$ cat work35.cif   # mmCIF, C-alpha atoms and all ligand atoms
data_target
loop_
_atom_site.label_atom_id
_atom_site.label_comp_id
_atom_site.auth_asym_id
_atom_site.auth_seq_id
_atom_site.Cartn_x
_atom_site.Cartn_y
_atom_site.Cartn_z
CA MET A 1 0.00 0.00 0.00
CA THR A 2 1.37 3.41 -0.86
CA SER A 3 1.28 6.25 1.60
CA HIS A 4 -0.42 9.27 0.18
CA PHE A 5 0.97 11.49 2.85
CA ALA A 6 4.46 11.03 4.17
CA VAL A 7 6.81 12.72 6.55
CA ASN A 8 10.39 11.55 6.15
CA GLY A 9 13.41 12.45 8.26
CA LEU A 10 11.74 15.60 9.58
CA VAL A 11 13.96 17.74 11.82
CA LYS A 12 12.85 20.91 13.60
CA LYS A 13 15.17 22.70 16.01
CA TYR A 14 14.78 25.86 18.05
CA GLY A 15 18.38 26.94 18.56
CA GLU A 16 20.16 23.86 19.93
CA ASN A 17 16.88 22.28 21.06
CA VAL A 18 15.91 19.44 18.69
CA VAL A 19 12.12 19.30 19.00
CA VAL A 20 11.31 17.05 16.04
CA ASP A 21 14.05 14.48 15.65
CA ASP A 22 14.31 12.65 12.33
CA LEU A 23 10.58 11.90 12.41
CA GLU A 24 9.05 9.29 10.06
CA LEU A 25 5.28 9.28 9.63
CA PRO A 26 3.52 7.61 6.70
CA ILE A 27 -0.22 8.42 6.54
CA GLU A 28 -2.70 6.59 4.32
CA ASP A 29 -5.32 8.43 2.34
CA GLY A 30 -8.51 8.62 4.41
CA GLU A 31 -6.79 7.53 7.59
CA PHE A 32 -7.46 9.07 11.00
CA LEU A 33 -4.03 9.19 12.59
CA VAL A 34 -3.64 10.14 16.24
CA LEU A 35 -0.35 11.57 17.49
CA LEU A 36 -0.28 10.76 21.19
CA GLY A 37 2.32 11.95 23.65
CA PRO A 38 2.95 13.97 26.81
CA SER A 39 3.18 17.72 26.86
CA GLY A 40 6.40 19.02 25.30
CA CYS A 41 7.21 15.97 23.15
CA GLY A 42 6.82 17.93 19.90
CA LYS A 43 3.25 17.20 18.75
CA THR A 44 2.20 20.78 18.01
CA THR A 45 5.51 21.51 16.30
CA THR A 46 5.01 18.47 14.04
CA LEU A 47 1.51 19.68 13.11
CA ARG A 48 2.79 23.17 12.41
CA CYS A 49 5.44 21.73 10.10
CA LEU A 50 2.74 19.78 8.25
CA ALA A 51 0.66 22.94 7.95
CA GLY A 52 3.58 24.99 6.66
CA LEU A 53 3.56 27.28 9.69
CA GLU A 54 7.11 26.27 10.68
CA THR A 55 10.13 25.74 8.46
CA PRO A 56 11.93 22.54 9.40
CA GLN A 57 15.71 22.21 9.08
CA GLY A 58 15.59 18.78 7.47
CA GLY A 59 13.42 16.16 5.80
CA THR A 60 10.54 15.99 3.34
CA ILE A 61 6.75 16.21 3.54
CA ALA A 62 4.49 14.88 0.79
CA PHE A 63 0.72 15.45 0.42
CA LYS A 64 -1.14 13.20 -1.99
CA ASP A 65 2.26 12.27 -3.39
CA ASN A 66 3.17 15.93 -4.08
CA ILE A 67 6.24 17.22 -2.28
CA VAL A 68 5.21 20.26 -0.23
CA PHE A 69 8.45 20.47 1.72
CA ASP A 70 11.96 19.29 0.90
CA ALA A 71 14.81 20.78 2.93
CA ASP A 72 17.59 19.66 0.57
CA ASN A 73 15.90 20.89 -2.60
CA LYS A 74 14.52 24.06 -1.04
CA VAL A 75 10.88 23.20 -1.70
CA ASN A 76 8.50 24.90 0.75
CA VAL A 77 4.89 25.28 -0.37
CA PRO A 78 3.33 28.08 1.72
CA ALA A 79 0.60 27.28 4.22
CA HIS A 80 -2.29 28.74 2.23
CA LYS A 81 -1.44 26.57 -0.77
CA ARG A 82 -1.31 23.28 1.16
CA ASN A 83 -5.07 22.60 1.16
CA ILE A 84 -5.37 21.74 4.83
CA GLY A 85 -7.97 22.40 7.51
CA MET A 86 -6.99 23.14 11.09
CA VAL A 87 -8.87 22.85 14.36
CA PHE A 88 -7.17 24.16 17.49
CA GLN A 89 -7.60 23.70 21.23
CA SER A 90 -8.49 27.38 21.59
CA TYR A 91 -11.18 27.28 18.83
CA ALA A 92 -9.56 30.41 17.31
CA LEU A 93 -12.78 31.76 15.81
CA TRP A 94 -12.76 35.37 14.58
CA PRO A 95 -14.71 37.28 17.26
CA HIS A 96 -15.90 40.02 14.89
CA MET A 97 -17.33 37.58 12.33
CA THR A 98 -20.60 35.67 12.47
CA VAL A 99 -20.58 31.89 12.51
CA ARG A 100 -21.47 31.99 8.81
CA LYS A 101 -18.45 34.15 7.99
CA ASN A 102 -16.17 32.10 10.24
CA ILE A 103 -17.12 28.83 8.57
CA GLY A 104 -16.89 30.41 5.12
CA TYR A 105 -13.50 31.95 5.80
CA PRO A 106 -11.35 29.13 4.29
CA LEU A 107 -13.50 29.22 1.13
CA LYS A 108 -13.00 32.96 0.87
CA VAL A 109 -9.22 32.75 1.35
CA ARG A 110 -9.02 30.01 -1.29
CA LYS A 111 -11.34 31.95 -3.58
CA MET A 112 -13.75 29.00 -3.77
CA ARG A 113 -16.64 31.22 -4.83
CA ASP A 114 -18.83 28.41 -6.16
CA ALA A 115 -18.65 26.57 -2.86
CA LEU A 116 -19.45 29.80 -0.97
CA ARG A 117 -22.53 30.43 -3.07
CA GLY A 118 -23.48 26.76 -3.46
CA GLY A 119 -24.39 26.10 0.17
CA SER A 120 -21.13 24.58 1.45
CA VAL A 121 -21.21 26.77 4.56
CA GLU A 122 -24.75 25.71 5.43
CA GLU A 123 -23.89 22.08 4.75
CA ALA A 124 -20.81 22.22 6.99
CA ALA A 125 -22.86 23.89 9.74
CA ARG A 126 -25.50 21.16 9.43
CA MET A 127 -22.85 18.45 9.78
CA VAL A 128 -22.05 19.69 13.28
CA ASP A 129 -25.64 20.67 14.23
CA CYS A 130 -24.94 24.39 14.07
CA GLU A 131 -27.24 25.46 11.24
CA GLY A 132 -29.34 27.40 13.74
CA LEU A 133 -26.34 29.45 14.88
CA LEU A 134 -25.17 30.89 11.55
CA ASP A 135 -26.01 34.50 12.37
CA ARG A 136 -24.58 34.55 15.87
CA TYR A 137 -21.18 35.80 16.94
CA PRO A 138 -18.69 33.51 18.74
CA SER A 139 -19.26 35.32 22.05
CA GLN A 140 -22.89 34.20 21.88
CA LEU A 141 -21.92 30.51 21.76
CA SER A 142 -20.99 27.95 24.43
CA GLY A 143 -17.56 26.34 24.34
CA GLY A 144 -18.94 23.17 22.77
CA GLN A 145 -20.76 25.17 20.08
CA GLN A 146 -17.64 27.20 19.34
CA GLN A 147 -15.59 24.07 18.89
CA ARG A 148 -18.23 22.54 16.60
CA VAL A 149 -18.13 25.69 14.48
CA ALA A 150 -14.33 25.37 14.39
CA VAL A 151 -14.69 21.76 13.20
CA ALA A 152 -17.08 22.91 10.43
CA ARG A 153 -14.57 25.57 9.40
CA GLY A 154 -11.81 22.94 9.33
CA LEU A 155 -13.81 20.71 6.99
CA VAL A 156 -15.72 23.18 4.81
CA SER A 157 -13.22 23.38 1.97
CA ARG A 158 -12.90 19.58 1.76
CA PRO A 159 -9.17 19.79 2.46
CA ASP A 160 -6.71 17.01 1.65
CA LEU A 161 -5.67 16.87 5.27
CA VAL A 162 -7.36 18.03 8.48
CA LEU A 163 -5.08 18.82 11.43
CA PHE A 164 -6.52 18.77 14.95
CA ASP A 165 -4.45 20.12 17.84
CA GLU A 166 -6.00 18.92 21.12
CA PRO A 167 -9.43 20.24 20.07
CA LEU A 168 -11.26 18.63 22.98
CA SER A 169 -8.95 19.67 25.82
CA ASN A 170 -10.79 22.88 26.74
CA LEU A 171 -14.22 21.25 26.90
CA ASP A 172 -15.77 19.79 30.03
CA ALA A 173 -16.09 16.00 30.19
CA ARG A 174 -19.62 15.72 28.82
CA LEU A 175 -19.02 18.05 25.86
CA ARG A 176 -15.70 16.39 25.18
CA ASP A 177 -17.47 13.06 24.62
CA GLN A 178 -20.11 14.74 22.44
CA VAL A 179 -17.70 16.57 20.15
CA ARG A 180 -15.43 13.52 20.04
CA SER A 181 -18.18 11.27 18.76
CA GLN A 182 -19.24 13.94 16.29
CA ILE A 183 -15.71 14.07 14.88
CA HIS A 184 -15.66 10.27 14.71
CA GLN A 185 -18.95 10.11 12.83
CA LEU A 186 -17.91 12.88 10.44
CA HIS A 187 -14.72 11.05 9.62
CA ARG A 188 -16.68 7.88 8.92
CA ARG A 189 -19.04 9.77 6.65
CA LEU A 190 -16.65 12.07 4.81
CA GLY A 191 -13.47 9.98 4.84
CA PHE A 192 -11.06 12.90 5.13
CA THR A 193 -7.45 12.27 6.14
CA ALA A 194 -6.69 13.51 9.64
CA VAL A 195 -3.79 14.01 12.00
CA PHE A 196 -5.21 14.47 15.48
CA VAL A 197 -2.90 15.47 18.33
CA THR A 198 -3.72 14.63 21.93
CA HIS A 199 -2.15 13.69 25.26
CA ASP A 200 -5.28 11.73 26.22
CA GLN A 201 -5.08 7.98 25.69
CA SER A 202 -8.86 7.44 25.71
CA GLU A 203 -9.28 9.96 22.86
CA ALA A 204 -6.49 8.25 20.95
CA PHE A 205 -8.03 4.79 21.29
CA ALA A 206 -11.52 6.05 20.45
CA LEU A 207 -10.61 8.02 17.33
CA GLY A 208 -7.46 6.58 15.81
CA ASP A 209 -7.32 4.21 12.86
CA ARG A 210 -3.69 4.18 13.90
CA ILE A 211 -1.90 5.72 16.86
CA ALA A 212 1.61 7.14 16.73
CA ILE A 213 3.06 7.47 20.21
CA MET A 214 5.60 10.22 20.35
CA LYS A 215 8.56 10.54 22.68
CA ALA A 216 11.01 13.44 22.55
CA GLY A 217 10.48 14.28 18.88
CA LYS A 218 10.39 10.69 17.61
CA ILE A 219 7.73 8.06 17.05
CA GLU A 220 8.13 5.30 19.65
CA GLN A 221 5.31 3.06 18.38
CA TYR A 222 2.99 3.32 15.39
CA ASP A 223 0.19 0.80 15.11
CA GLU A 224 -3.53 0.11 15.30
CA PRO A 225 -5.16 0.90 18.65
CA ASP A 226 -5.69 -2.70 19.78
CA GLN A 227 -2.07 -3.57 19.00
CA VAL A 228 -0.82 -0.58 20.97
CA PHE A 229 -3.21 -1.42 23.81
CA GLU A 230 -2.13 -5.06 24.05
CA PHE A 231 1.49 -4.92 22.94
CA PRO A 232 3.24 -1.71 23.97
CA VAL A 233 6.81 -1.80 22.65
CA SER A 234 8.40 -0.05 25.62
CA GLU A 235 7.79 0.79 29.24
CA TYR A 236 7.26 4.39 28.15
CA VAL A 237 4.35 3.39 25.91
CA ALA A 238 2.95 0.97 28.49
CA ALA A 239 2.93 3.66 31.16
CA PHE A 240 1.37 6.18 28.82
CA ILE A 241 -1.52 3.97 27.71
CA GLY A 242 -2.73 3.15 31.19
CA MET A 243 -0.54 0.32 32.48
CA ALA A 244 -0.13 2.41 35.59
CA ASN A 245 1.18 -0.37 37.83
CA ARG A 246 4.93 -0.85 37.87
CA ILE A 247 6.42 -3.87 39.57
CA GLU A 248 10.19 -4.18 39.84
CA LEU A 249 11.48 -7.69 39.31
CA ARG A 250 14.83 -9.38 39.96
CA ARG A 251 16.12 -12.80 39.01
CA ASN A 252 17.72 -15.19 41.46
CA HIS A 253 18.61 -18.88 41.05
CA ASN A 254 14.91 -19.89 41.41
CA GLY A 255 13.59 -17.47 38.80
CA TRP A 256 11.99 -14.04 38.86
CA GLU A 257 10.59 -12.46 42.00
CA THR A 258 9.39 -9.10 43.29
CA THR A 259 11.62 -6.95 45.50
CA THR A 260 9.73 -8.38 48.48
CA GLY A 261 10.67 -11.90 47.40
CA GLU A 262 7.34 -13.09 45.99
CA PRO A 263 7.80 -15.40 42.99
CA VAL A 264 6.59 -14.19 39.58
CA ASP A 265 6.58 -16.82 36.87
CA LEU A 266 7.17 -15.03 33.56
CA SER A 267 6.68 -18.08 31.32
CA ARG A 268 3.17 -16.88 30.36
CA ALA A 269 3.84 -13.12 30.49
CA ILE A 270 4.56 -11.04 27.42
CA VAL A 271 8.25 -10.32 27.77
CA ARG A 272 9.36 -7.55 25.48
CA ASP A 273 13.04 -6.91 25.78
CA VAL A 274 14.68 -8.31 28.89
CA PRO A 275 18.28 -9.10 27.90
CA GLU A 276 19.39 -12.73 27.92
CA GLY A 277 20.77 -13.44 31.37
CA GLY A 278 19.58 -10.04 32.70
CA THR A 279 18.83 -9.99 36.40
CA GLU A 280 16.53 -6.95 36.56
CA ALA A 281 13.28 -6.19 34.78
CA VAL A 282 10.18 -4.05 35.11
CA ALA A 283 6.66 -5.37 34.76
CA ARG A 284 3.66 -3.23 33.83
CA LEU A 285 0.05 -4.08 34.61
CA ARG A 286 -3.31 -2.35 34.13
CA PRO A 287 -5.36 -1.51 37.25
CA ASP A 288 -8.22 -3.47 35.62
CA ASP A 289 -6.07 -6.60 35.57
CA LEU A 290 -5.17 -6.55 39.25
CA HIS A 291 -7.71 -8.26 41.52
CA LEU A 292 -8.45 -7.89 45.21
CA HIS A 293 -9.19 -10.94 47.38
CA SER A 294 -10.31 -11.34 50.92
CA GLY A 295 -8.03 -14.37 51.30
CA GLU A 296 -5.61 -16.58 49.42
CA ASN A 297 -8.25 -19.28 48.94
CA GLU A 298 -10.10 -16.93 46.56
CA VAL A 299 -7.21 -16.52 44.14
CA PRO A 300 -7.99 -18.13 40.74
CA ALA A 301 -5.73 -21.05 39.85
CA GLY A 302 -2.64 -19.98 37.95
CA ASN A 303 -2.74 -16.36 39.09
CA ILE A 304 0.32 -14.71 40.55
CA VAL A 305 -0.26 -13.67 44.17
CA LEU A 306 1.12 -10.63 45.95
CA HIS A 307 0.73 -9.84 49.63
CA ALA A 308 0.06 -6.16 50.14
CA GLU A 309 -1.19 -3.49 52.49
CA LEU A 310 -4.22 -1.34 51.88
CA VAL A 311 -3.33 2.32 51.31
CA ASP A 312 -6.62 3.92 50.31
CA PHE A 313 -9.81 3.37 48.35
CA GLU A 314 -12.19 5.69 46.51
CA TYR A 315 -15.78 5.07 45.52
CA GLY A 316 -16.34 5.11 41.75
CA GLY A 317 -19.93 3.87 41.37
CA ARG A 318 -19.79 0.30 40.12
CA TYR A 319 -16.25 -0.12 41.43
CA TYR A 320 -13.75 1.14 43.95
CA ASP A 321 -10.34 2.47 42.96
CA VAL A 322 -8.06 0.84 45.48
CA ALA A 323 -4.42 1.65 46.22
CA VAL A 324 -2.26 -1.03 47.82
CA ARG A 325 1.42 -1.21 48.64
CA THR A 326 3.88 -4.08 48.33
CA GLY A 327 7.42 -3.19 49.29
CA ASP A 328 8.21 0.11 47.57
CA ASP A 329 5.60 -0.36 44.84
CA GLN A 330 2.22 1.31 45.14
CA LEU A 331 -0.33 -0.46 42.93
CA MET A 332 -3.79 0.62 41.78
CA LEU A 333 -6.67 -1.74 41.18
CA ARG A 334 -10.35 -1.65 40.34
CA ALA A 335 -12.53 -3.66 42.69
CA PRO A 336 -16.18 -4.28 41.67
CA ALA A 337 -18.45 -2.66 44.27
CA THR A 338 -20.87 -5.59 44.34
CA GLU A 339 -18.14 -7.91 45.67
CA HIS A 340 -16.01 -5.59 47.75
CA ALA A 341 -18.11 -2.74 49.16
CA GLY A 342 -18.86 -4.52 52.45
CA ALA A 343 -15.29 -5.52 53.26
CA LEU A 344 -13.77 -2.23 52.09
CA LYS A 345 -16.10 -0.14 54.25
CA LYS A 346 -14.91 -2.06 57.31
CA SER A 347 -11.22 -1.85 56.37
CA ALA A 348 -8.55 0.67 57.32
CA PRO A 349 -5.25 1.76 55.79
CA GLY A 350 -2.52 -0.69 56.73
CA ASP A 351 -4.79 -3.76 56.63
CA LYS A 352 -3.21 -6.81 55.00
CA VAL A 353 -4.76 -7.73 51.63
CA VAL A 354 -4.12 -10.30 48.95
CA VAL A 355 -4.04 -9.24 45.30
CA SER A 356 -3.47 -11.33 42.20
CA PHE A 357 -3.23 -11.12 38.44
CA ALA A 358 -3.12 -13.47 35.48
CA PRO A 359 0.48 -13.88 34.30
CA SER A 360 -0.64 -13.08 30.73
CA ALA A 361 -1.61 -9.55 31.88
CA LEU A 362 2.02 -8.65 32.56
CA ARG A 363 4.15 -6.75 30.06
CA VAL A 364 7.81 -7.03 30.94
CA PHE A 365 10.59 -4.68 29.88
CA ALA A 366 14.28 -4.24 30.55
CA ALA A 367 14.89 -2.12 33.63
CA THR A 368 16.18 1.22 32.38
CA ALA A 369 16.58 4.52 34.11
CA ASP A 370 14.29 6.68 31.98
CA ALA A 371 13.10 9.88 33.61
CA THR A 372 10.41 10.42 30.96
CA VAL A 373 8.79 7.13 32.04
CA ASP A 374 8.38 8.42 35.60
CA ARG A 375 6.78 11.62 34.38
CA VAL A 376 4.43 9.81 32.01
CA SER A 377 3.68 7.28 34.72
CA ALA A 378 2.46 9.93 37.12
CA THR A 379 0.07 11.25 34.46
CA ALA A 380 -1.13 7.74 33.62
CA LYS A 381 -1.90 7.04 37.27
CA SER A 382 -4.23 9.96 37.57
CA ALA A 383 -5.71 9.33 34.11
CA SER A 384 -6.45 5.70 34.91
CA LYS A 385 -8.79 6.92 37.61
CA VAL A 386 -10.98 8.97 35.34
CA ALA A 387 -10.95 6.70 32.28
CA SER A 388 -13.24 3.73 32.54
N1 LIG B 401 8.58 28.86 18.96
C1 LIG B 401 9.32 28.14 19.80
N2 LIG B 401 10.54 28.56 20.22
C2 LIG B 401 11.29 27.81 21.04
N3 LIG B 401 10.94 26.62 21.54
C3 LIG B 401 9.73 26.12 21.18
C4 LIG B 401 8.87 26.85 20.30
N4 LIG B 401 7.74 26.12 20.11
C5 LIG B 401 7.91 25.00 20.85
N5 LIG B 401 9.10 24.99 21.49
C6 LIG B 401 9.61 23.92 22.36
O1 LIG B 401 9.52 22.69 21.67
C7 LIG B 401 9.14 21.64 22.52
C8 LIG B 401 7.93 20.93 21.94
O2 LIG B 401 6.83 21.80 21.95
P1 LIG B 401 5.42 21.40 21.35
O3 LIG B 401 5.59 20.94 19.94
O4 LIG B 401 4.51 22.55 21.58
O5 LIG B 401 5.04 20.15 22.25
P2 LIG B 401 3.60 19.47 22.52
O6 LIG B 401 2.63 20.03 21.53
O7 LIG B 401 3.86 18.00 22.34
O8 LIG B 401 3.25 19.79 23.92
C9 LIG B 401 8.91 22.25 23.87
O9 LIG B 401 10.05 22.03 24.65
C10 LIG B 401 8.73 23.72 23.59
O10 LIG B 401 9.17 24.50 24.66
MG MG B 402 0.83 21.04 21.86
#

$ encode --input "work35.cif" --output "structure tokens"
Amino acid sequence: MTSHFAVNGLVKKYGENVVVDDLELPIEDGEFLVLLGPSGCGKTTTLRCLAGLETPQGGTIAFKDNIVFDADNKVNVPAHKRNIGMVFQSYALWPHMTVRKNIGYPLKVRKMRDALRGGSVEEAARMVDCEGLLDRYPSQLSGGQQQRVAVARGLVSRPDLVLFDEPLSNLDARLRDQVRSQIHQLHRRLGFTAVFVTHDQSEAFALGDRIAIMKAGKIEQYDEPDQVFEFPVSEYVAAFIGMANRIELRRNHNGWETTTGEPVDLSRAIVRDVPEGGTEAVARLRPDDLHLHSGENEVPAGNIVLHAELVDFEYGGRYYDVAVRTGDDQLMLRAPATEHAGALKKSAPGDKVVVSFAPSALRVFAATADATVDRVSATAKSASKVAS
């Protein structure tokens, strides 16, 4: 399959600071690509290079197999000739223009007079349920309405490529879900090609045909959502996509064990890159895959058991978010309320508990000192509480 859009060897520096580092990103025609990564990893800069709003120092960018940027051959098609639509976090509507004028703006700039007269603005407004708002000004709209108008403006000229830069981040949770599903349905219907930037894993999984996980200006993993979800290629990716639990492992003559000496049989775990003969590793585990038991007799056969202490628990409706500690590791788990409400209400921090997990739920990586993993991990821990 040929890629109709392609970023090859892209380099963008600000002074000595390499923000986009030899980035490779093939994008299929009609694909909804999500660029996922923590704040500061270079997502916005990559989008701005695609849009022609930044001049990279190296690499090439092709749209529909036309070169729009080539550092070596001094090709740099200006932004307004790249046929893209953009939707920003801040909506960026013109305050002095009506909704009608805002949506029509890209058609006007591109001198698409037929589309302007032929009802394209009304059609775009209808797509996002804003046809009743055409004569209002942005200040007369809610945040969700403003962002829907911005989506209509991004799509109205039927661009080759639509770039979204965290468009849902300023909306409250309910509106975020609404606008997200509207974008998803529009993509299904219209089949435009999209690059959608976010730091939110649930948005990435919901929207992406493929997800590119970015780390310090490079793509760390690029695959379909279920592949990323099940088979993260590094601890960085695992931490970022919600495998919030980190268990340090060491190998002795009997096999692998936790730092508190509990055996962990890795023969059925998914071991990614522990070096042959290595004696240290790190396991990652989703809170959903860690189970709470009132005693060892309740542990399903074949599960790996850890003895822990209760740290805290929070009510979440159908479940409790429970924090436990084993040795130096604090682990999060989700306990169904129907089974655990009674016992949890009677418990106190410090109580001994038994937790277990299926060995196949573990993803095991070489133990490396990677400060970005710790940072991402902290974000993932708080995100795993709100995502369900
Ligand atoms: N115009 C600029 N001048 C200097 N540094 C910049 C500029 N824009 C972005 N950066 C730096 O580049 C890095 C990546 O920024 P950005 O692409 O905005 O990341 P993200 O969108 O992933 O949060 C950050 O360290 C940021 O400070
Ligand atoms: Mg950004």

$ residues_near_ligand --input "work35.cif" --ligand "ligand MG 402 (chain B)" --cutoff "9 Å" --atoms "only C-alpha atoms and all ligand atoms" --output "MDAnalysis selection string"
chainID A and resid 38:45 47 89 165:166 197:199

$ residues_around --input "work35.cif" --residues "stretch 108-124 of chain A" --least-positions-apart "5" --cutoff "9 Å" --atoms "all atoms listed in the file" --output "ChimeraX atom specification"
/A:80-81,83,100-101,103,129-131,134,149,151-153,155-157

$ closest_residue --input "work35.cif" --among "A:Arg334, A:Arg148, A:His184, A:His96" --to "A:Asp288" --atoms "only C-alpha atoms"
A:Arg334

$ closest_residue --input "work35.cif" --among "A:Arg82, A:Arg158, A:Lys215, A:His291" --to "ligand LIG 401 (chain B)" --atoms "only C-alpha atoms and all ligand atoms"
A:Lys215

$ closest_residue --input "work35.cif" --among "A:Ala92, A:Ala206, A:Val264, A:Ile241" --to "A:Ala150" --atoms "all atoms listed in the file"
A:Ala92

$ residues_around --input "work35.cif" --residues "A:Pro336" --least-positions-apart "2" --cutoff "8 Å" --atoms "all atoms listed in the file" --output "list in words"
Arg318, Tyr319, Tyr320, Arg334, Thr338, Glu339, His340 and Ala341 of chain A

$ atom_distance --input "work35.cif" --atom1 "atom CA of A:Gly154" --atom2 "atom CA of A:Arg126"
13.8 Å

$ atom_distance --input "work35.cif" --atom1 "atom CA of A:Ala283" --atom2 "atom CA of A:Asp209"
27.7 Å

$ closest_residue --input "work35.cif" --among "A:Met86, A:Leu186, A:Phe313, A:Asp321" --to "A:Lys346" --atoms "only C-alpha atoms"
A:Phe313
